[in-house]
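A.B. asks: This is the content of structure-v3.tsv (TSV, C-alpha atoms):
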chain	number	residue	atom	x	y	z
A	101	MET	CA	122.05	121.74	83.78
A	102	ILE	CA	119.22	119.20	83.70
A	103	THR	CA	117.13	118.75	86.86
A	104	LEU	CA	114.96	115.69	87.45
A	105	LEU	CA	112.73	114.69	90.35
A	106	HIS	CA	112.80	110.93	90.86
A	107	THR	CA	110.01	109.31	92.88
A	108	ALA	CA	108.26	105.94	93.08
A	109	ASP	CA	105.94	103.68	95.07
A	110	TRP	CA	103.15	106.16	95.71
A	111	GLN	CA	100.74	103.27	96.47
A	112	ILE	CA	97.72	105.54	95.97
A	113	GLY	CA	94.60	103.82	97.29
A	114	LYS	CA	96.39	101.90	100.05
A	115	LEU	CA	93.80	100.98	102.69
A	116	PHE	CA	95.87	100.54	105.91
A	117	GLY	CA	93.40	97.95	107.18
A	118	GLN	CA	95.50	97.18	110.26
A	119	PHE	CA	94.65	100.61	111.73
A	120	ASP	CA	91.62	102.17	113.34
A	121	PRO	CA	89.37	103.46	110.49
A	122	ASP	CA	89.92	107.13	111.39
A	123	ASP	CA	93.71	106.70	111.40
A	124	ALA	CA	93.59	104.62	108.22
A	125	ALA	CA	91.68	107.37	106.41
A	126	LEU	CA	94.21	110.03	107.41
A	127	LEU	CA	97.17	107.85	106.42
A	128	ALA	CA	95.58	107.23	103.03
A	129	GLU	CA	94.89	110.94	102.63
A	130	ALA	CA	98.54	111.72	103.42
A	131	ARG	CA	99.56	109.91	100.23
A	132	PHE	CA	97.65	112.42	98.10
A	133	ALA	CA	99.22	115.27	100.07
A	134	ALA	CA	102.67	113.80	99.36
A	135	ILE	CA	101.98	114.00	95.61
A	136	GLU	CA	100.99	117.64	95.98
A	137	ARG	CA	104.31	118.26	97.77
A	138	LEU	CA	106.18	116.51	94.95
A	139	ALA	CA	104.49	118.80	92.43
A	140	ARG	CA	105.53	121.87	94.43
A	141	LEU	CA	109.09	120.55	94.72
A	142	ALA	CA	109.32	120.01	90.98
A	143	THR	CA	108.02	123.53	90.34
A	144	ASP	CA	110.22	125.18	92.97
A	145	HIS	CA	113.36	123.46	91.65
A	146	ARG	CA	112.36	124.06	88.03
A	147	ALA	CA	112.62	120.38	87.25
A	148	ASP	CA	112.78	119.42	83.59
A	149	ALA	CA	110.74	116.27	84.31
A	150	VAL	CA	109.39	114.11	87.11
A	151	LEU	CA	110.19	110.38	86.86
A	152	VAL	CA	107.75	108.02	88.60
A	153	ALA	CA	109.23	104.51	88.77
A	154	GLY	CA	106.14	102.35	89.22
A	155	ASP	CA	103.49	101.42	91.79
A	156	VAL	CA	101.65	104.68	91.34
A	157	PHE	CA	98.49	102.88	92.50
A	158	ASP	CA	98.33	100.28	95.26
A	159	ALA	CA	95.94	98.02	93.33
A	160	GLN	CA	94.15	97.72	90.02
A	161	GLY	CA	90.74	98.06	91.68
A	162	VAL	CA	91.07	101.56	93.12
A	163	THR	CA	87.94	103.65	92.64
A	164	ASP	CA	87.43	106.03	89.74
A	165	ARG	CA	87.37	108.86	92.28
A	166	THR	CA	90.84	107.83	93.48
A	167	VAL	CA	92.13	107.86	89.90
A	168	PHE	CA	90.83	111.39	89.32
A	169	ARG	CA	92.13	112.61	92.70
A	170	LEU	CA	95.61	111.28	91.94
A	171	PHE	CA	95.97	113.15	88.66
A	172	ASN	CA	94.43	116.28	90.18
A	173	ALA	CA	97.06	116.15	92.95
A	174	MET	CA	99.76	116.40	90.28
A	175	ALA	CA	98.42	119.69	88.89
A	176	GLY	CA	100.95	121.83	90.77
A	177	TYR	CA	103.68	120.89	88.28
A	178	ALA	CA	102.96	121.70	84.63
A	179	GLY	CA	106.07	120.05	83.20
A	180	PRO	CA	106.28	116.44	82.03
A	181	TRP	CA	105.56	113.55	84.38
A	182	VAL	CA	106.86	110.21	83.07
A	183	MET	CA	105.34	107.09	84.68
A	184	ILE	CA	105.62	103.34	84.36
A	185	PRO	CA	103.43	100.62	85.89
A	186	GLY	CA	104.91	98.54	88.73
A	187	ASN	CA	103.92	95.20	90.20
A	188	HIS	CA	100.91	96.67	92.09
A	189	ASP	CA	99.51	98.45	89.02
A	190	ALA	CA	100.94	96.35	86.19
A	191	GLY	CA	100.08	97.38	82.64
A	192	LEU	CA	97.75	94.47	81.93
A	193	ALA	CA	95.55	94.35	78.84
A	194	GLU	CA	92.83	95.72	81.11
A	195	SER	CA	94.24	97.71	84.03
A	196	VAL	CA	93.89	100.83	86.13
A	197	TRP	CA	95.84	102.58	83.36
A	198	THR	CA	93.45	101.62	80.56
A	199	ARG	CA	90.57	102.65	82.82
A	200	ALA	CA	92.23	106.01	83.56
A	201	ALA	CA	92.61	106.60	79.82
A	202	ARG	CA	88.94	105.77	79.16
A	203	LEU	CA	87.92	108.15	81.94
A	204	GLY	CA	89.96	110.92	80.35
A	205	ALA	CA	91.72	111.39	83.69
A	206	ILE	CA	95.32	111.52	82.42
A	207	PRO	CA	96.47	115.10	81.70
A	208	ALA	CA	98.37	115.89	78.51
A	209	ASN	CA	101.63	116.49	80.38
A	210	VAL	CA	101.57	113.00	81.94
A	211	HIS	CA	103.30	110.30	79.89
A	212	VAL	CA	102.31	106.78	80.93
A	213	CYS	CA	104.76	104.35	79.34
A	214	LEU	CA	102.97	101.04	78.76
A	215	GLN	CA	105.42	99.78	76.13
A	216	PRO	CA	109.22	99.33	76.26
A	217	ALA	CA	110.05	102.02	73.71
A	218	PRO	CA	112.20	105.16	73.95
A	219	LEU	CA	110.39	108.36	74.87
A	220	VAL	CA	111.97	111.70	73.95
A	221	VAL	CA	110.69	114.47	76.18
A	222	ALA	CA	112.17	117.62	77.76
A	223	GLY	CA	115.52	117.07	76.06
A	224	LEU	CA	115.82	113.56	77.50
A	225	ALA	CA	115.79	110.11	75.97
A	226	ILE	CA	113.88	108.00	78.49
A	227	LEU	CA	114.02	104.20	78.31
A	228	PRO	CA	111.08	102.72	80.26
A	229	ALA	CA	110.71	99.11	81.45
A	230	PRO	CA	107.02	98.89	82.38
A	231	LEU	CA	105.75	95.79	84.13
A	232	THR	CA	102.99	94.24	82.06
A	233	GLN	CA	102.30	91.56	84.68
A	234	ARG	CA	102.66	91.51	88.44
A	235	ILE	CA	105.56	89.06	88.55
A	236	THR	CA	108.17	88.33	85.91
A	237	HIS	CA	111.45	86.43	86.11
A	238	ALA	CA	112.90	88.12	83.03
A	239	ASP	CA	114.94	91.31	83.21
A	240	LEU	CA	112.80	93.90	81.46
A	241	THR	CA	115.70	96.39	81.33
A	242	GLU	CA	117.79	94.16	79.07
A	243	TRP	CA	116.73	96.02	75.95
A	244	PHE	CA	118.18	99.29	77.24
A	245	ALA	CA	121.69	98.46	75.96
A	246	SER	CA	120.63	98.03	72.33
A	247	ALA	CA	118.18	100.95	72.29
A	248	GLU	CA	119.07	103.72	69.86
A	249	THR	CA	118.51	107.25	71.16
A	250	PRO	CA	119.19	110.69	69.63
A	251	VAL	CA	122.79	111.80	69.86
A	252	GLY	CA	123.40	114.48	72.47
A	253	LEU	CA	120.44	113.61	74.72
A	254	PRO	CA	120.97	112.12	78.19
A	255	ARG	CA	119.87	108.47	78.40
A	256	ILE	CA	117.60	107.92	81.39
A	257	GLY	CA	116.36	104.47	82.43
A	258	LEU	CA	113.08	103.99	84.32
A	259	ALA	CA	112.35	100.60	85.90
A	260	HIS	CA	110.62	98.81	88.77
A	261	GLY	CA	112.10	95.70	90.37
A	262	SER	CA	114.95	94.20	92.38
A	263	VAL	CA	118.58	94.80	91.48
A	264	GLN	CA	120.29	91.43	91.64
A	265	GLY	CA	122.84	90.91	94.41
A	266	LEU	CA	121.31	93.37	96.88
A	267	LEU	CA	119.10	90.85	98.66
A	268	ALA	CA	120.45	88.22	101.04
A	269	ASP	CA	121.95	85.15	99.42
A	270	GLY	CA	119.41	82.49	98.60
A	271	ILE	CA	116.47	84.88	98.16
A	272	ASP	CA	114.99	84.59	94.69
A	273	SER	CA	113.69	88.04	93.80
A	274	SER	CA	111.03	88.60	91.15
A	275	ASN	CA	111.15	91.37	88.55
A	276	PRO	CA	114.97	91.22	88.42
A	277	ILE	CA	117.23	94.03	87.22
A	278	ALA	CA	120.85	93.24	86.44
A	279	ALA	CA	123.47	94.87	88.65
A	280	GLY	CA	125.51	97.35	86.65
A	281	ARG	CA	122.70	97.93	84.15
A	282	ALA	CA	123.27	101.70	84.08
A	283	ALA	CA	126.89	101.37	82.95
A	284	GLN	CA	126.19	98.43	80.63
A	285	ALA	CA	123.37	100.32	78.86
A	286	ARG	CA	125.27	103.63	78.76
A	287	LEU	CA	122.67	105.31	80.95
A	288	ASP	CA	123.31	108.65	82.54
A	289	TYR	CA	120.85	107.76	85.29
A	290	LEU	CA	118.67	104.75	86.14
A	291	ALA	CA	115.60	105.66	88.23
A	292	LEU	CA	114.23	102.68	90.13
A	293	GLY	CA	111.14	101.83	92.13
A	294	ASP	CA	110.02	98.84	94.23
A	295	TRP	CA	112.05	99.27	97.42
A	296	HIS	CA	110.21	101.67	99.70
A	297	GLY	CA	113.37	103.23	101.10
A	298	THR	CA	115.90	105.52	99.45
A	299	ARG	CA	118.99	103.58	98.39
A	300	ARG	CA	122.02	104.20	96.23
A	301	VAL	CA	122.85	101.19	94.07
A	302	ASP	CA	125.77	102.80	92.29
A	303	GLU	CA	126.78	106.27	91.15
A	304	ARG	CA	124.19	106.27	88.34
A	305	CYS	CA	121.45	104.09	89.84
A	306	TRP	CA	119.15	104.84	92.79
A	307	TYR	CA	115.92	103.75	94.43
A	308	ALA	CA	113.88	106.81	95.40
A	309	GLY	CA	111.68	105.08	97.98
A	310	THR	CA	108.09	106.00	98.74
A	311	PRO	CA	107.42	109.72	99.32
A	312	GLU	CA	105.15	108.93	102.31
A	313	THR	CA	106.30	106.21	104.70
A	314	ASP	CA	103.88	103.30	104.92
A	315	ARG	CA	105.47	100.70	107.18
A	316	HIS	CA	107.42	100.26	110.41
A	317	ARG	CA	110.86	99.75	108.96
A	318	ALA	CA	113.99	101.87	109.25
A	319	ASN	CA	114.60	102.13	105.50
A	320	ASP	CA	115.09	105.85	104.91
A	321	SER	CA	111.66	106.35	103.34
A	322	GLY	CA	109.50	109.47	103.01
A	323	GLN	CA	111.78	111.06	100.43
A	324	ALA	CA	112.24	111.85	96.75
A	325	LEU	CA	115.47	112.40	94.83
A	326	LEU	CA	116.58	115.58	93.08
A	327	VAL	CA	118.88	114.54	90.27
A	328	ARG	CA	121.06	117.08	88.47
A	329	LEU	CA	122.97	116.29	85.27
A	330	ALA	CA	125.45	118.67	83.67
A	331	GLY	CA	124.93	116.83	80.39
A	332	PRO	CA	125.34	113.43	78.71
A	333	GLY	CA	128.14	111.43	80.29
A	334	ALA	CA	128.37	113.60	83.40
A	335	LEU	CA	127.91	111.90	86.76
A	336	PRO	CA	124.56	112.76	88.32
A	337	GLU	CA	124.37	114.80	91.50
A	338	VAL	CA	121.69	113.11	93.62
A	339	THR	CA	120.12	114.79	96.66
A	340	PRO	CA	117.43	113.16	98.84
A	341	VAL	CA	114.64	115.57	99.78
A	342	ALA	CA	112.16	114.94	102.61
A	343	THR	CA	108.56	114.67	101.41
A	344	GLY	CA	106.75	112.64	104.08
A	345	GLN	CA	104.30	113.88	106.68
A	346	TYR	CA	104.35	110.97	109.14
A	347	ARG	CA	107.17	109.23	111.00
A	348	TRP	CA	106.67	105.50	111.47
A	349	LEU	CA	108.49	104.43	114.62
A	350	SER	CA	109.01	100.90	115.90
A	351	GLU	CA	110.60	100.74	119.33
A	352	THR	CA	111.39	98.16	121.99
A	353	ILE	CA	111.49	99.35	125.59
A	354	ASP	CA	113.24	97.05	128.05
A	355	LEU	CA	112.56	97.68	131.74
A	356	GLN	CA	115.19	96.22	134.04
A	357	VAL	CA	115.91	98.89	136.66
A	358	PRO	CA	113.77	101.77	137.99
A	359	THR	CA	115.58	104.37	135.88
A	360	ASP	CA	114.55	102.44	132.75
A	361	LEU	CA	110.93	103.28	133.55
A	362	ASP	CA	111.73	106.99	133.90
A	363	ALA	CA	113.46	107.00	130.51
A	364	ALA	CA	110.58	105.07	128.95
A	365	LEU	CA	107.97	107.51	130.25
A	366	GLU	CA	109.97	110.45	128.93
A	367	ARG	CA	110.28	108.81	125.51
A	368	ILE	CA	106.57	107.95	125.33
A	369	ASP	CA	105.54	111.47	126.35
A	370	ALA	CA	107.64	112.85	123.46
A	371	PHE	CA	105.49	111.28	120.72
A	372	GLY	CA	103.45	113.78	118.73
A	373	PRO	CA	100.88	114.18	115.94
A	374	ALA	CA	103.31	113.18	113.17
A	375	ASP	CA	104.15	109.81	114.75
A	376	VAL	CA	102.79	106.37	113.85
A	377	VAL	CA	104.17	104.32	116.70
A	378	GLN	CA	104.55	100.62	117.41
A	379	ILE	CA	105.98	99.82	120.87
A	380	SER	CA	106.98	96.53	122.42
A	381	VAL	CA	107.72	96.55	126.17
A	382	THR	CA	109.86	93.83	127.72
A	383	GLY	CA	111.50	93.24	131.10
A	384	GLN	CA	109.70	93.59	134.42
A	385	THR	CA	108.00	96.21	136.58
A	386	ASP	CA	105.90	96.47	139.70
A	387	LEU	CA	102.24	97.46	139.86
A	388	ALA	CA	103.00	101.13	140.34
A	389	GLY	CA	105.34	101.15	137.36
A	390	HIS	CA	102.82	99.27	135.25
A	391	ARG	CA	100.17	101.85	136.08
A	392	CYS	CA	102.51	104.73	135.19
A	393	LEU	CA	103.34	103.01	131.91
A	394	GLN	CA	99.68	102.52	131.01
A	395	ASP	CA	98.88	106.14	131.85
A	396	ALA	CA	101.74	107.35	129.65
A	397	LEU	CA	100.62	105.15	126.75
A	398	ALA	CA	97.06	106.47	127.10
A	399	ARG	CA	98.31	110.06	126.97
A	400	ALA	CA	100.55	109.33	123.98
A	401	GLY	CA	97.66	107.59	122.20
A	402	GLY	CA	95.80	110.88	122.33
A	403	LYS	CA	98.71	112.80	120.82
A	404	ALA	CA	100.25	110.46	118.25
A	405	ARG	CA	98.62	109.82	114.88
A	406	SER	CA	98.51	106.15	115.86
A	407	LEU	CA	100.00	104.16	118.71
A	408	SER	CA	99.95	100.43	119.37
A	409	ALA	CA	101.68	98.85	122.35
A	410	ASP	CA	102.50	95.20	123.04
A	411	LEU	CA	103.03	94.51	126.75
A	412	ASP	CA	102.77	90.71	126.52
A	413	ALA	CA	106.49	90.23	127.21
A	414	LEU	CA	106.46	92.55	130.25
A	415	ARG	CA	106.59	90.64	133.55
A	416	LEU	CA	104.54	92.05	136.38
A	417	GLU	CA	106.30	91.66	139.71
A	418	PRO	CA	104.18	93.29	142.43
A	419	THR	CA	105.99	94.24	145.61
A	420	ASP	CA	104.60	94.02	149.12
A	421	ALA	CA	104.22	97.79	148.95
A	422	ASP	CA	102.11	97.39	145.77
A	423	ILE	CA	99.76	94.95	147.47
A	424	ALA	CA	99.51	97.12	150.58
A	425	ALA	CA	98.78	100.18	148.44
A	426	LEU	CA	95.73	98.42	147.02
A	427	ASP	CA	94.30	98.70	150.54
A	428	ALA	CA	91.65	96.05	150.09
A	429	ASP	CA	90.22	93.71	152.71
A	430	GLY	CA	87.54	91.06	152.94
A	431	TYR	CA	86.76	89.11	149.80
A	432	LEU	CA	88.64	91.57	147.54
A	433	GLY	CA	91.72	91.31	149.73
A	434	ASP	CA	91.57	87.51	149.46
A	435	VAL	CA	91.32	87.75	145.67
A	436	ILE	CA	94.34	90.06	145.50
A	437	ALA	CA	96.37	87.75	147.71
A	438	GLU	CA	95.39	84.75	145.60
A	439	LEU	CA	96.31	86.56	142.39
A	440	GLY	CA	99.67	87.57	143.84
A	441	ALA	CA	100.46	83.99	144.81
A	442	ASP	CA	99.38	82.70	141.40
A	443	LEU	CA	101.54	85.31	139.68
A	444	LYS	CA	104.62	84.14	141.57
A	445	ALA	CA	103.91	80.56	140.57
A	446	ARG	CA	103.07	81.38	136.93
A	447	PRO	CA	104.61	84.72	135.88
A	448	ASP	CA	103.10	84.51	132.39
A	449	GLY	CA	99.69	83.28	133.52
A	450	PRO	CA	96.37	85.13	133.51
A	451	ALA	CA	96.92	86.47	137.05
A	452	ARG	CA	99.26	89.10	135.65
A	453	ASP	CA	96.63	90.83	133.53
A	454	ALA	CA	93.93	90.31	136.17
A	455	LEU	CA	96.02	91.93	138.89
A	456	ALA	CA	96.97	94.84	136.63
A	457	LEU	CA	93.32	95.42	135.72
A	458	LEU	CA	92.22	95.22	139.34
A	459	ALA	CA	94.88	97.68	140.41
A	460	GLY	CA	93.76	100.04	137.66
A	461	PHE	CA	90.09	99.78	138.65
A	462	LEU	CA	90.90	100.47	142.28
A	463	ALA	CA	93.06	103.47	141.39
A	464	ASP	CA	90.38	104.89	139.10
A	465	ASP	CA	87.73	104.31	141.74
A	466	ARG	CA	89.70	106.21	144.34
A	467	SER	CA	90.40	109.07	141.93
A	468	ALA	CA	86.70	109.37	141.15
A	469	ALA	CA	85.84	109.42	144.85
A	470	ARG	CA	88.09	112.36	145.58
Go ahead and express the file in the form of structure tokens.

C.D. replies:
Amino acid sequence: MITLLHTADWQIGKLFGQFDPDDAALLAEARFAAIERLARLATDHRADAVLVAGDVFDAQGVTDRTVFRLFNAMAGYAGPWVMIPGNHDAGLAESVWTRAARLGAIPANVHVCLQPAPLVVAGLAILPAPLTQRITHADLTEWFASAETPVGLPRIGLAHGSVQGLLADGIDSSNPIAAGRAAQARLDYLALGDWHGTRRVDERCWYAGTPETDRHRANDSGQALLVRLAGPGALPEVTPVATGQYRWLSETIDLQVPTDLDAALERIDAFGPADVVQISVTGQTDLAGHRCLQDALARAGGKARSLSADLDALRLEPTDADIAALDADGYLGDVIAELGADLKARPDGPARDALALLAGFLADDRSAAR
């Protein structure tokens, strides 16, 4: 039985510039930790080889320190790692790969395939299709079919790109890979990278997805694939294995009736340290509900790894009880009344945010006075 660990799209060096710097640093660090977990998985399952299907690095210009840290993170598995460049780290004449070689950073058990030539390692005949430029419109796996490999060794393809026919009609994908390539090239397994979620293309062809989720999309990411082959010609047994630390959640909360708010507060309070959350709140609520929502988001922001909330589509509809609860008279009472009237006339106008802020200030002021 041959056991392979298939992974891709590590994106080492990704900066996560859309996040707070502290969160960005931890998300970037999690990518190194994911590689350490992959190494342990390969060792624990006695893998014959680890296949890395491109985009090992997020960019050519990652620091030398990042290059060294990446290969050090792989030290937990002493067997062969087989890598190809993807579109983010293409094997240019001068690239992150040539720099890594000059630095002496690449261990002896790591095989970086920069040329489309068969590699025989660990009882496998591996056919790599490295990207030597960021974008190509030619199918770099076409040579697989005519490639001669030793008799009796499983034929394993390794490529990075878009299988044709999987995207919506009319979308012209770069770095194309022909549908049915595994069967046409007599491959026992075709390990793909580029899509960041795990996906079965056919019985012999899979995308592994990124081992550490890096975007708000429900695409079954944060995994690697354990691939078992009984021998040449046998159908592979493919098992997704969780490898990610963080859950990236994108949710829309729609408030229409009072019970919707209760459910929303319960959901928000459930977020924890492993969650990277993006929330959009729609519908309508009164001042009291808005305050409860803001308090819950503030609490969750202190528990989750990262939380961003968009309340722009939430309509604020203060009730008479809300206004009375503000308990303000004189000039402040006049301002509140004017804001309430303006809000009724222009529900999406600036009075909404002003009234919510004022209500919050008054509530905080009273709490501090107690």

A.B. asks: Which polymer residues have any atom within 12 Å of an atom of Ala205 (chain A), counting only C-alpha atoms, with same-chain residues fewer than 6 positions away left out, as an mmCIF file with C-alpha atoms, in the coordinates of the input?

C.D. replies:
data_model
loop_
_atom_site.group_PDB
_atom_site.id
_atom_site.type_symbol
_atom_site.label_atom_id
_atom_site.label_comp_id
_atom_site.auth_asym_id
_atom_site.auth_seq_id
_atom_site.Cartn_x
_atom_site.Cartn_y
_atom_site.Cartn_z
ATOM 1 C CA ASP A 164 87.430 106.030 89.740
ATOM 2 C CA ARG A 165 87.370 108.860 92.280
ATOM 3 C CA THR A 166 90.840 107.830 93.480
ATOM 4 C CA VAL A 167 92.130 107.860 89.900
ATOM 5 C CA PHE A 168 90.830 111.390 89.320
ATOM 6 C CA ARG A 169 92.130 112.610 92.700
ATOM 7 C CA LEU A 170 95.610 111.280 91.940
ATOM 8 C CA PHE A 171 95.970 113.150 88.660
ATOM 9 C CA ASN A 172 94.430 116.280 90.180
ATOM 10 C CA ALA A 173 97.060 116.150 92.950
ATOM 11 C CA MET A 174 99.760 116.400 90.280
ATOM 12 C CA ALA A 175 98.420 119.690 88.890
ATOM 13 C CA VAL A 196 93.890 100.830 86.130
ATOM 14 C CA TRP A 197 95.840 102.580 83.360
ATOM 15 C CA THR A 198 93.450 101.620 80.560
ATOM 16 C CA ARG A 199 90.570 102.650 82.820
ATOM 17 C CA VAL A 212 102.310 106.780 80.930
#

A.B. asks: Which residues, protein or nucleic acid, reach to within 10 Å of (116.3, 101.0, 93.4) in the file's coordinates when using all atoms listed in the file, and can you give that as a PyMOL selection string?

C.D. replies: chain A and resi 108+153+259-263+266+277+290-302+305-309

A.B. asks: Provide the CA of Val182 (chain A) to CA of His211 (chain A) distance in Å, to one decimal place.

C.D. replies: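 Value for the CA of Val182 (chain A)-CA of His211 (chain A) distance: 4.8 Å.
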
A.B. asks: Check the smallest atom-to-atom distance from each of A:Pro254, A:Pro228, A:Gly401, A:Gly265 to Ala330 (chain A) using all atoms listed in the file, then report the winner.

C.D. replies: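 When distances to Ala330 (chain A) are compared using all atoms listed in the file, the smallest one comes from A:Pro254.
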
A.B. asks: Which of these, A:Leu287, A:Leu141, A:Ala190, A:Leu115, has the shortest distance to Thr236 (chain A) once you count only C-alpha atoms?

C.D. replies: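 Of all the options, A:Ala190 lies closest to Thr236 (chain A).
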
A.B. asks: Smallest atom-to-atom distance to Arg286 (chain A): which of A:Leu126, A:Ala225, A:Leu325, A:Ala342, using all atoms listed in the file?

C.D. replies: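 Smallest distance to Arg286 (chain A) is found for A:Ala225.
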
A.B. asks: Could you tell me, as a PyMOL selection string, which residues have any atom at most 7 Å from (110.0, 88.2, 92.2), counting all atoms listed in the file?

C.D. replies: chain A and resi 235-237+272-276

A.B. asks: Just checking: using all atoms listed in the file, which residue out of A:Val221, A:Ala178, A:Ala388, A:Val162 ends up closest to Ala200 (chain A)?

C.D. replies: A:Val162

A.B. asks: Would you mind reading off the distance between CA of Pro418 (chain A) and CA of Arg367 (chain A), one decimal, in Å?

C.D. replies: 23.8 Å

A.B. asks: Using all atoms of region 333-350 of chain A that appear in the file, construct an axis-aligned enclosing box with 5 Å of padding on every side and provide its centre coordinates and edge lengths in Å, rounded to one decimal, as AutoDock Vina command-line options.

C.D. replies:
--center_x 116.3 --center_y 108.2 --center_z 98.1 --size_x 34.1 --size_y 24.7 --size_z 45.6

A.B. asks: Record the distance separating CA of Ala133 (chain A) and CA of Ala374 (chain A), expressed in Å with one decimal.

C.D. replies: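 About the pair CA of Ala133 (chain A) and CA of Ala374 (chain A): they are 13.9 Å apart.
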
A.B. asks: A:Gly223, A:Pro340, A:Pro230, A:Pro121: which is nearest Asp320 (chain A), counting all atoms listed in the file?

C.D. replies: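 Smallest separation from Asp320 (chain A) among the options: A:Pro340.
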
A.B. asks: Ranking A:Gly113, A:Gly257, A:Pro336, A:Gly204 by minimum distance to Pro216 (chain A) and counting all atoms listed in the file, which one comes first?

C.D. replies: A:Gly257
